$ cat work29.tsv   # TSV, C-alpha atoms and all ligand atoms
chain	number	residue	atom	x	y	z
K	19	MET	CA	-17.70	-80.51	77.73
K	20	LYS	CA	-18.59	-84.17	77.30
K	21	HIS	CA	-19.86	-85.10	80.78
K	22	LEU	CA	-21.28	-83.61	83.97
K	23	LEU	CA	-19.34	-85.62	86.56
K	24	LYS	CA	-18.84	-82.74	89.00
K	25	LEU	CA	-19.30	-78.96	88.80
K	26	SER	CA	-15.60	-78.27	89.32
K	27	ASP	CA	-14.96	-79.74	85.83
K	28	TRP	CA	-17.01	-76.95	84.23
K	29	SER	CA	-15.88	-73.35	83.71
K	30	ALA	CA	-17.97	-70.33	84.77
K	31	GLU	CA	-18.66	-69.71	81.06
K	32	GLU	CA	-19.92	-73.28	80.55
K	33	ILE	CA	-22.16	-73.00	83.62
K	34	THR	CA	-23.54	-69.66	82.42
K	35	ALA	CA	-24.26	-71.08	78.96
K	36	VAL	CA	-26.28	-73.94	80.50
K	37	LEU	CA	-28.17	-71.52	82.78
K	38	ASP	CA	-28.99	-69.30	79.79
K	39	MET	CA	-30.28	-72.32	77.85
K	40	ALA	CA	-32.29	-73.46	80.89
K	41	ASP	CA	-34.02	-70.04	81.03
K	42	GLN	CA	-34.81	-70.33	77.31
K	43	LEU	CA	-36.16	-73.89	77.65
K	44	LYS	CA	-38.31	-72.80	80.60
K	45	TYR	CA	-39.72	-69.95	78.50
K	46	GLU	CA	-40.41	-72.31	75.59
K	47	LYS	CA	-42.19	-74.84	77.81
K	48	LYS	CA	-44.33	-72.14	79.47
K	49	ASN	CA	-45.28	-70.76	76.05
K	50	GLY	CA	-45.96	-74.08	74.34
K	51	ILE	CA	-43.01	-73.67	71.95
K	52	PRO	CA	-41.75	-77.12	70.88
K	53	HIS	CA	-38.10	-77.87	71.66
K	54	LYS	CA	-37.54	-81.47	70.63
K	55	HIS	CA	-33.75	-81.28	70.45
K	56	LEU	CA	-33.13	-84.94	71.32
K	57	GLU	CA	-35.53	-86.75	68.99
K	58	GLY	CA	-34.53	-90.40	68.62
K	59	LYS	CA	-32.05	-90.27	71.53
K	60	SER	CA	-32.19	-92.51	74.61
K	61	LEU	CA	-31.05	-91.69	78.15
K	62	GLY	CA	-30.42	-94.50	80.65
K	63	MET	CA	-31.05	-93.50	84.26
K	64	ILE	CA	-29.25	-95.75	86.77
K	65	PHE	CA	-30.48	-95.39	90.35
K	66	GLU	CA	-28.63	-97.02	93.26
K	67	LYS	CA	-30.40	-94.68	95.73
K	68	SER	CA	-33.99	-93.40	96.06
K	69	SER	CA	-35.24	-90.32	94.24
K	70	THR	CA	-38.36	-88.29	93.60
K	71	ARG	CA	-37.14	-85.10	91.90
K	72	THR	CA	-34.15	-86.43	89.97
K	73	ARG	CA	-36.01	-89.38	88.52
K	74	VAL	CA	-39.16	-87.51	87.53
K	75	SER	CA	-37.43	-84.39	86.21
K	76	PHE	CA	-34.97	-86.35	84.04
K	77	GLU	CA	-37.70	-88.66	82.78
K	78	VAL	CA	-40.15	-85.87	81.92
K	79	GLY	CA	-37.32	-83.68	80.62
K	80	MET	CA	-36.23	-86.36	78.17
K	81	TYR	CA	-39.83	-86.82	76.94
K	82	GLU	CA	-40.20	-83.07	76.45
K	83	LEU	CA	-37.00	-83.03	74.39
K	84	GLY	CA	-38.44	-85.76	72.15
K	85	GLY	CA	-36.20	-88.50	73.52
K	86	ASN	CA	-36.66	-91.76	75.36
K	87	PRO	CA	-35.77	-92.12	79.07
K	88	LEU	CA	-35.11	-95.58	80.56
K	89	PHE	CA	-35.35	-96.04	84.33
K	90	LEU	CA	-32.72	-98.60	85.36
K	91	SER	CA	-32.82	-99.63	89.00
K	92	SER	CA	-29.48	-101.11	90.08
K	93	ALA	CA	-31.50	-103.83	91.82
K	94	ASP	CA	-32.58	-105.05	88.37
K	95	LEU	CA	-29.33	-104.48	86.49
K	96	GLN	CA	-26.48	-107.00	86.51
K	97	ILE	CA	-24.38	-104.20	88.08
K	98	GLY	CA	-26.35	-104.97	91.28
K	99	ARG	CA	-25.03	-108.55	91.05
K	100	GLY	CA	-21.43	-107.52	90.58
K	101	GLU	CA	-20.99	-106.95	86.83
K	102	PRO	CA	-18.06	-104.52	86.62
K	103	VAL	CA	-18.71	-100.85	85.81
K	104	GLU	CA	-16.18	-101.00	82.98
K	105	ASP	CA	-18.26	-103.69	81.22
K	106	THR	CA	-21.60	-102.02	81.98
K	107	ALA	CA	-20.23	-98.75	80.56
K	108	ARG	CA	-19.10	-100.36	77.31
K	109	VAL	CA	-22.35	-102.29	76.83
K	110	LEU	CA	-24.68	-99.37	77.59
K	111	SER	CA	-22.63	-97.14	75.27
K	112	ARG	CA	-23.69	-99.42	72.39
K	113	TYR	CA	-27.42	-98.82	73.08
K	114	LEU	CA	-27.81	-95.40	74.65
K	115	ASP	CA	-26.92	-91.77	73.86
K	116	GLY	CA	-26.34	-90.75	77.49
K	117	ILE	CA	-26.42	-92.06	81.07
K	118	MET	CA	-27.57	-90.33	84.25
K	119	ILE	CA	-26.40	-92.15	87.37
K	120	ARG	CA	-27.20	-91.73	91.08
K	121	THR	CA	-24.89	-93.75	93.28
K	122	PHE	CA	-22.63	-93.75	96.33
K	123	GLU	CA	-19.02	-93.48	95.16
K	124	GLN	CA	-17.88	-90.69	92.87
K	125	LYS	CA	-15.38	-93.16	91.39
K	126	GLU	CA	-18.21	-95.20	89.88
K	127	VAL	CA	-19.42	-92.14	87.94
K	128	GLU	CA	-15.88	-91.29	86.83
K	129	ASP	CA	-15.34	-94.93	85.76
K	130	LEU	CA	-18.53	-94.95	83.67
K	131	ALA	CA	-17.13	-91.93	81.83
K	132	LYS	CA	-13.67	-93.49	81.55
K	133	TYR	CA	-14.83	-96.80	80.05
K	134	GLY	CA	-17.96	-95.67	78.20
K	135	SER	CA	-18.16	-93.57	75.06
K	136	ILE	CA	-21.34	-91.53	75.73
K	137	PRO	CA	-22.02	-88.49	77.99
K	138	ILE	CA	-22.36	-89.31	81.70
K	139	ILE	CA	-24.41	-87.10	84.05
K	140	ASN	CA	-23.97	-87.30	87.83
K	141	GLY	CA	-27.43	-87.42	89.46
K	142	LEU	CA	-25.89	-87.38	92.98
K	143	THR	CA	-23.03	-89.19	94.67
K	144	ASP	CA	-21.80	-89.02	98.26
K	145	TYR	CA	-19.33	-86.40	96.98
K	146	CYS	CA	-21.49	-84.01	94.98
K	147	HIS	CA	-24.85	-83.10	93.43
K	148	PRO	CA	-24.09	-80.91	90.39
K	149	CYS	CA	-27.56	-81.08	88.75
K	150	GLN	CA	-29.16	-79.75	91.93
K	151	VAL	CA	-26.73	-76.87	92.16
K	152	LEU	CA	-27.30	-75.85	88.52
K	153	ALA	CA	-31.01	-75.61	89.42
K	154	ASP	CA	-30.10	-73.64	92.57
K	155	LEU	CA	-27.98	-71.18	90.56
K	156	MET	CA	-30.81	-70.79	88.04
K	157	THR	CA	-33.25	-70.04	90.88
K	158	ILE	CA	-30.91	-67.50	92.49
K	159	ARG	CA	-30.45	-65.65	89.20
K	160	GLU	CA	-34.22	-65.67	88.62
K	161	HIS	CA	-34.95	-64.20	92.04
K	162	LYS	CA	-31.95	-61.89	92.49
K	163	GLY	CA	-31.26	-61.01	88.84
K	164	THR	CA	-27.49	-61.46	89.28
K	165	PHE	CA	-24.78	-63.33	91.19
K	166	LYS	CA	-22.85	-60.12	91.83
K	167	ASN	CA	-22.18	-59.09	95.45
K	168	LEU	CA	-24.23	-61.97	96.86
K	169	LYS	CA	-23.34	-64.01	99.94
K	170	MET	CA	-24.50	-67.62	100.10
K	171	CYS	CA	-24.54	-69.35	103.46
K	172	PHE	CA	-24.88	-73.09	104.01
K	173	ILE	CA	-25.96	-74.39	107.41
K	174	GLY	CA	-25.28	-78.02	108.33
K	175	ASP	CA	-23.41	-81.04	107.07
K	176	GLY	CA	-20.43	-80.55	104.75
K	177	ASN	CA	-21.96	-83.13	102.41
K	178	ASN	CA	-22.54	-83.56	98.67
K	179	MET	CA	-24.76	-80.44	98.57
K	180	ALA	CA	-22.26	-78.32	100.50
K	181	ASN	CA	-19.43	-79.42	98.18
K	182	SER	CA	-21.34	-78.56	95.00
K	183	LEU	CA	-22.82	-75.32	96.35
K	184	MET	CA	-19.36	-74.15	97.42
K	185	VAL	CA	-17.99	-74.77	93.92
K	186	GLY	CA	-21.02	-73.25	92.17
K	187	ALA	CA	-21.12	-70.16	94.37
K	188	ILE	CA	-17.38	-69.42	94.09
K	189	LYS	CA	-17.33	-70.04	90.32
K	190	MET	CA	-20.20	-67.59	89.82
K	191	GLY	CA	-18.44	-64.95	91.97
K	192	MET	CA	-20.54	-65.23	95.12
K	193	GLU	CA	-19.17	-65.25	98.66
K	194	PHE	CA	-19.65	-68.64	100.34
K	195	ALA	CA	-19.83	-69.30	104.09
K	196	ILE	CA	-20.58	-72.63	105.73
K	197	ALA	CA	-21.43	-73.29	109.38
K	198	CYS	CA	-20.92	-76.91	110.41
K	199	PRO	CA	-19.85	-78.86	113.49
K	200	LYS	CA	-16.14	-79.68	113.80
K	201	GLY	CA	-15.37	-82.84	111.84
K	202	TYR	CA	-18.26	-82.32	109.37
K	203	GLU	CA	-16.58	-79.83	107.03
K	204	PRO	CA	-16.85	-80.11	103.23
K	205	ASP	CA	-14.15	-81.81	101.15
K	206	SER	CA	-10.74	-80.40	102.16
K	207	ASP	CA	-9.39	-80.03	98.59
K	208	LEU	CA	-12.53	-78.12	97.57
K	209	MET	CA	-12.24	-75.85	100.63
K	210	LYS	CA	-8.62	-75.09	99.70
K	211	TRP	CA	-9.71	-74.33	96.12
K	212	ALA	CA	-12.55	-72.09	97.39
K	213	SER	CA	-10.17	-70.12	99.66
K	214	GLU	CA	-7.77	-69.58	96.76
K	215	ASN	CA	-10.44	-68.62	94.26
K	216	GLY	CA	-12.94	-66.52	96.15
K	217	THR	CA	-14.29	-65.36	99.50
K	218	PHE	CA	-14.81	-68.46	101.62
K	219	THR	CA	-15.43	-69.04	105.34
K	220	CYS	CA	-15.92	-72.26	107.29
K	221	THR	CA	-17.03	-71.74	110.89
K	222	GLU	CA	-18.81	-73.55	113.72
K	223	SER	CA	-20.94	-70.43	114.30
K	224	VAL	CA	-24.28	-70.33	112.45
K	225	GLU	CA	-24.64	-66.60	113.22
K	226	GLU	CA	-21.24	-65.80	111.74
K	227	ALA	CA	-22.01	-67.73	108.54
K	228	ALA	CA	-25.54	-66.29	108.17
K	229	LYS	CA	-24.57	-62.68	108.91
K	230	ASP	CA	-25.75	-60.46	106.03
K	231	ALA	CA	-26.36	-63.51	103.82
K	232	ASP	CA	-28.47	-63.09	100.67
K	233	ILE	CA	-29.15	-66.82	100.28
K	234	LEU	CA	-29.43	-69.39	103.08
K	235	VAL	CA	-29.27	-73.05	102.17
K	236	THR	CA	-29.47	-76.21	104.22
K	237	ASP	CA	-29.82	-79.96	103.72
K	238	VAL	CA	-30.64	-83.03	105.79
K	239	TRP	CA	-28.40	-83.90	108.74
K	240	ALA	CA	-28.18	-87.54	107.63
K	241	SER	CA	-27.86	-88.21	103.90
K	242	MET	CA	-28.82	-91.35	102.02
K	243	GLY	CA	-26.53	-94.13	103.18
K	244	GLN	CA	-26.10	-92.54	106.65
K	245	GLU	CA	-29.44	-93.73	108.08
K	246	GLY	CA	-27.60	-95.70	110.80
K	247	GLU	CA	-26.01	-92.47	112.09
K	248	ALA	CA	-29.29	-90.52	112.15
K	249	ASN	CA	-29.77	-90.48	115.93
K	250	GLU	CA	-26.16	-89.54	116.67
K	251	ARG	CA	-26.30	-86.85	113.99
K	252	LYS	CA	-29.46	-85.34	115.52
K	253	LYS	CA	-27.40	-84.57	118.63
K	254	ILE	CA	-24.31	-83.36	116.74
K	255	PHE	CA	-26.29	-81.07	114.41
K	256	ALA	CA	-28.76	-79.68	116.97
K	257	GLY	CA	-28.45	-75.91	116.55
K	258	TYR	CA	-27.44	-76.13	112.87
K	259	GLN	CA	-30.93	-75.07	111.86
K	260	ILE	CA	-32.41	-72.33	109.68
K	261	ASN	CA	-35.02	-70.71	111.95
K	262	SER	CA	-36.51	-67.25	112.35
K	263	LYS	CA	-33.80	-66.22	114.84
K	264	LEU	CA	-31.09	-67.07	112.32
K	265	MET	CA	-33.02	-65.35	109.52
K	266	SER	CA	-32.88	-62.14	111.56
K	267	VAL	CA	-29.08	-61.91	111.14
K	268	ALA	CA	-29.31	-62.43	107.35
K	269	LYS	CA	-30.32	-59.66	104.91
K	270	SER	CA	-33.99	-58.74	105.22
K	271	ASP	CA	-34.67	-59.91	101.64
K	272	ALA	CA	-32.67	-63.14	101.99
K	273	MET	CA	-33.93	-66.16	100.11
K	274	VAL	CA	-33.92	-69.73	101.42
K	275	LEU	CA	-33.20	-72.81	99.34
K	276	HIS	CA	-33.46	-76.51	100.18
K	277	CYS	CA	-32.79	-79.31	97.69
K	278	LEU	CA	-35.49	-81.45	99.37
K	279	PRO	CA	-36.55	-83.76	100.90
K	280	ALA	CA	-36.69	-81.57	104.04
K	281	HIS	CA	-36.94	-82.62	107.68
K	282	ARG	CA	-38.98	-79.92	109.36
K	283	GLU	CA	-37.79	-78.88	112.84
K	284	GLU	CA	-34.40	-80.50	112.17
K	285	GLU	CA	-32.33	-78.53	109.61
K	286	ILE	CA	-35.16	-76.02	108.99
K	287	THR	CA	-38.25	-74.98	110.91
K	288	ALA	CA	-41.68	-75.42	109.32
K	289	GLU	CA	-42.20	-71.67	109.77
K	290	VAL	CA	-39.17	-70.66	107.68
K	291	PHE	CA	-39.79	-73.43	105.16
K	292	GLU	CA	-43.36	-72.24	104.50
K	293	ALA	CA	-42.36	-68.56	104.43
K	294	HIS	CA	-39.90	-69.42	101.63
K	295	ALA	CA	-41.91	-72.16	99.90
K	296	ALA	CA	-42.18	-70.12	96.68
K	297	GLU	CA	-38.37	-70.10	96.30
K	298	ILE	CA	-37.93	-73.72	97.40
K	299	PHE	CA	-40.50	-75.06	94.91
K	300	ASP	CA	-39.16	-72.84	92.09
K	301	GLU	CA	-35.85	-74.51	92.89
K	302	ALA	CA	-37.46	-77.96	92.60
K	303	GLU	CA	-39.13	-76.99	89.30
K	304	ASN	CA	-35.87	-75.67	87.92
K	305	ARG	CA	-34.32	-79.14	88.17
K	306	LEU	CA	-36.39	-79.92	85.06
K	307	HIS	CA	-35.25	-76.92	83.03
K	308	ALA	CA	-31.60	-77.02	84.11
K	309	GLN	CA	-31.27	-80.73	83.40
K	310	LYS	CA	-32.92	-80.37	79.99
K	311	ALA	CA	-30.23	-77.78	79.23
K	312	VAL	CA	-27.52	-80.19	80.45
K	313	MET	CA	-28.89	-82.99	78.25
K	314	VAL	CA	-29.13	-80.76	75.15
K	315	THR	CA	-25.60	-79.45	75.77
K	316	LEU	CA	-24.11	-82.92	76.18
K	317	MET	CA	-26.26	-85.08	73.90
K	318	LYS	CA	-27.41	-82.99	70.92
K	319	ASP	CA	-25.54	-83.81	67.66
U	401	LIG	N1	-33.07	-82.99	95.54
U	401	LIG	C1	-33.08	-84.23	95.02
U	401	LIG	O1	-32.14	-84.68	94.37
U	401	LIG	O2	-34.22	-84.92	95.25
U	401	LIG	P1	-34.48	-86.48	94.99
U	401	LIG	O3	-33.61	-87.24	95.98
U	401	LIG	O4	-35.93	-86.67	95.24
U	401	LIG	O5	-34.08	-86.82	93.59
U	402	LIG	N1	-27.54	-84.82	101.03
U	402	LIG	C1	-28.75	-85.50	100.61
U	402	LIG	C2	-29.30	-84.86	99.38
U	402	LIG	C3	-30.57	-85.47	98.85
U	402	LIG	C4	-31.04	-84.86	97.57
U	402	LIG	C5	-28.45	-86.98	100.38
U	402	LIG	O1	-27.40	-87.28	99.82
U	402	LIG	O2	-29.26	-87.80	100.78

$ encode --input "work29.tsv" --output "C-alpha cells"
Amino acid sequence: MKHLLKLSDWSAEEITAVLDMADQLKYEKKNGIPHKHLEGKSLGMIFEKSSTRTRVSFEVGMYELGGNPLFLSSADLQIGRGEPVEDTARVLSRYLDGIMIRTFEQKEVEDLAKYGSIPIINGLTDYCHPCQVLADLMTIREHKGTFKNLKMCFIGDGNNMANSLMVGAIKMGMEFAIACPKGYEPDSDLMKWASENGTFTCTESVEEAAKDADILVTDVWASMGQEGEANERKKIFAGYQINSKLMSVAKSDAMVLHCLPAHREEEITAEVFEAHAAEIFDEAENRLHAQKAVMVTLMKD
C-alpha cells in the first residue's frame, strides 16, 4: 500500500487498519499522548482547487506527527505554467517524503505516482475523494459502532463523493443506494463493480433510495470546476434534497453526513443540517485523524 490514489485500490482490511489507527490517533490527541511518527519528514500539498478542510487538516496533521507540511499552490508552481507532471514528480521526489494533491483529472494523480518515487495521496479529483470517505467511514463506525446491516443513501450528483462513498460503503459491507437525476449517475465501471460486489441501487426516486436508510449523505449540486453550470444544475437537481420529509422515510435514528461546504436549502435544508450538526462536524474533525493515519501508514519508515 504505497499510495492513496483512489479507495478502490485498497482492500477492506487495509481500510479497516487505517480506521483503527485513526481511532488510536484521535484518542492520543485527546489525551495529550505524543505521536510524532513522522519526525523529519516533509509533505508537499499541491492545490489546484480551493480548500478549507483538506488544507488545514493535512497541515495540522503533519505538524502533530512531528513533520513539516508545505503548501504548494499550483498558481505558484511551475506546473501552473506547463511544466510536465512527470518532471514535477521526479523533482519533488528528491525533496519530499510524500505528496498530497487536489486537482481536476484523476490521471494527474496517477501520473504523479507513476513518475515519482514517494507516496501520493489524492486530496480530491473530479473522479473521487478518498480521504473524505475514510473520515466518513470513521464517523459512521463511531456513531453506529459497526458497518454491519447498515444502509447508506446518497442524494444528488453522481460526483467524486458519490463514487468514493459507493466504493467505501460496499467494501465495508454496507448497502448503498443513490438517487440522482438521469444522466448524473456515478462512474459506470464503479456502479458495475458495486452491483457485482454488494447490494447497490441507483434510482431517480429519492424516497426509494432513502427508505429505511441508516445514513443519508449529500453533496453540492455543482462541484468545483462546474460553476458555469450552477444555474442549470439548480433546476435539474431541484427535489434532490435532504429535508425533513425525506428523513421521515429513513430509519428514525438515521445519521446525516455532508463533506462540506454545504449549500443550505439546495442539497440540504438548514433544519436538517442543524439537527445533525454534531455528526457533520465530527465528520469534519475526523478528516484530521483519518488523514494522520493515512500519512503514518504510507510515510513512516
Ligand atoms: N470536504 C472537503 O474536502 O472540504 P474542503 O474543500 O474545504 O477541503
Ligand atoms: N463535490 C465537491 C466536494 C467538495 C469537497 C467538489 O468537488 O467541489

$ residues_near_ligand --input "work29.tsv" --ligand "ligand LIG 402 (chain U)" --cutoff "8 Å" --atoms "only C-alpha atoms and all ligand atoms" --output "list in words"
Ser69, Leu142, Thr143, Asp144, His147, Gln150, Asn177, Asn178, Met179, Asp237, Val238, Trp239, Ala240, Ser241, Met242, Gly243, Cys277, Leu278 and Pro279 of chain K

$ residues_around --input "work29.tsv" --residues "Glu303 in chain K" --least-positions-apart "2" --cutoff "12 Å" --atoms "all atoms listed in the file" --output "number ranges by chain"
K: 40-41, 44, 71-72, 74-76, 78-79, 150, 152-154, 156-157, 277-278, 295-301, 305-310

$ axis_aligned_box --input "work29.tsv" --around "range 26-37 of chain K" --padding-each-side "3 Å" --output "AutoDock Vina command-line options"
--center_x -21.6 --center_y -74.7 --center_z 84.1 --size_x 19.2 --size_y 16.1 --size_z 16.4

$ closest_residue --input "work29.tsv" --among "K:Asp175, K:Ile117, K:Asn181, K:Phe194" --to "Ser206 in chain K" --atoms "all atoms listed in the file"
K:Asn181

$ closest_residue --input "work29.tsv" --among "K:Ala187, K:Leu275, K:Met313, K:Ala107" --to "ligand LIG 401 (chain U)" --atoms "all atoms listed in the file"
K:Leu275

$ residues_around --input "work29.tsv" --residues "Leu61 in chain K" --least-positions-apart "5" --cutoff "12 Å" --atoms "all atoms listed in the file" --output "VMD selection string"
chain K and resid 56 73 76 to 81 83 to 90 110 to 111 113 to 119 136 to 139 310 313 to 314 316 to 318

$ atom_distance --input "work29.tsv" --atom1 "CA of Asp94 in chain K" --atom2 "CA of Lys20 in chain K"
27.5 Å

$ atom_distance --input "work29.tsv" --atom1 "CA of Met39 in chain K" --atom2 "CA of His21 in chain K"
16.7 Å

$ residues_around --input "work29.tsv" --residues "Gln124 in chain K" --least-positions-apart "3" --cutoff "10 Å" --atoms "all atoms listed in the file" --output "number ranges by chain"
K: 23-24, 120-121, 127-129, 140, 142-146

$ atom_distance --input "work29.tsv" --atom1 "CA of Glu292 in chain K" --atom2 "CA of Leu264 in chain K"
15.4 Å

$ residues_around --input "work29.tsv" --residues "Trp211 in chain K" --least-positions-apart "5" --cutoff "12 Å" --atoms "only C-alpha atoms" --output "list in words"
Ser26, Asn181, Met184, Val185, Ile188, Lys189, Pro204, Asp205, Ser206, Gly216, Thr217 and Phe218 of chain K
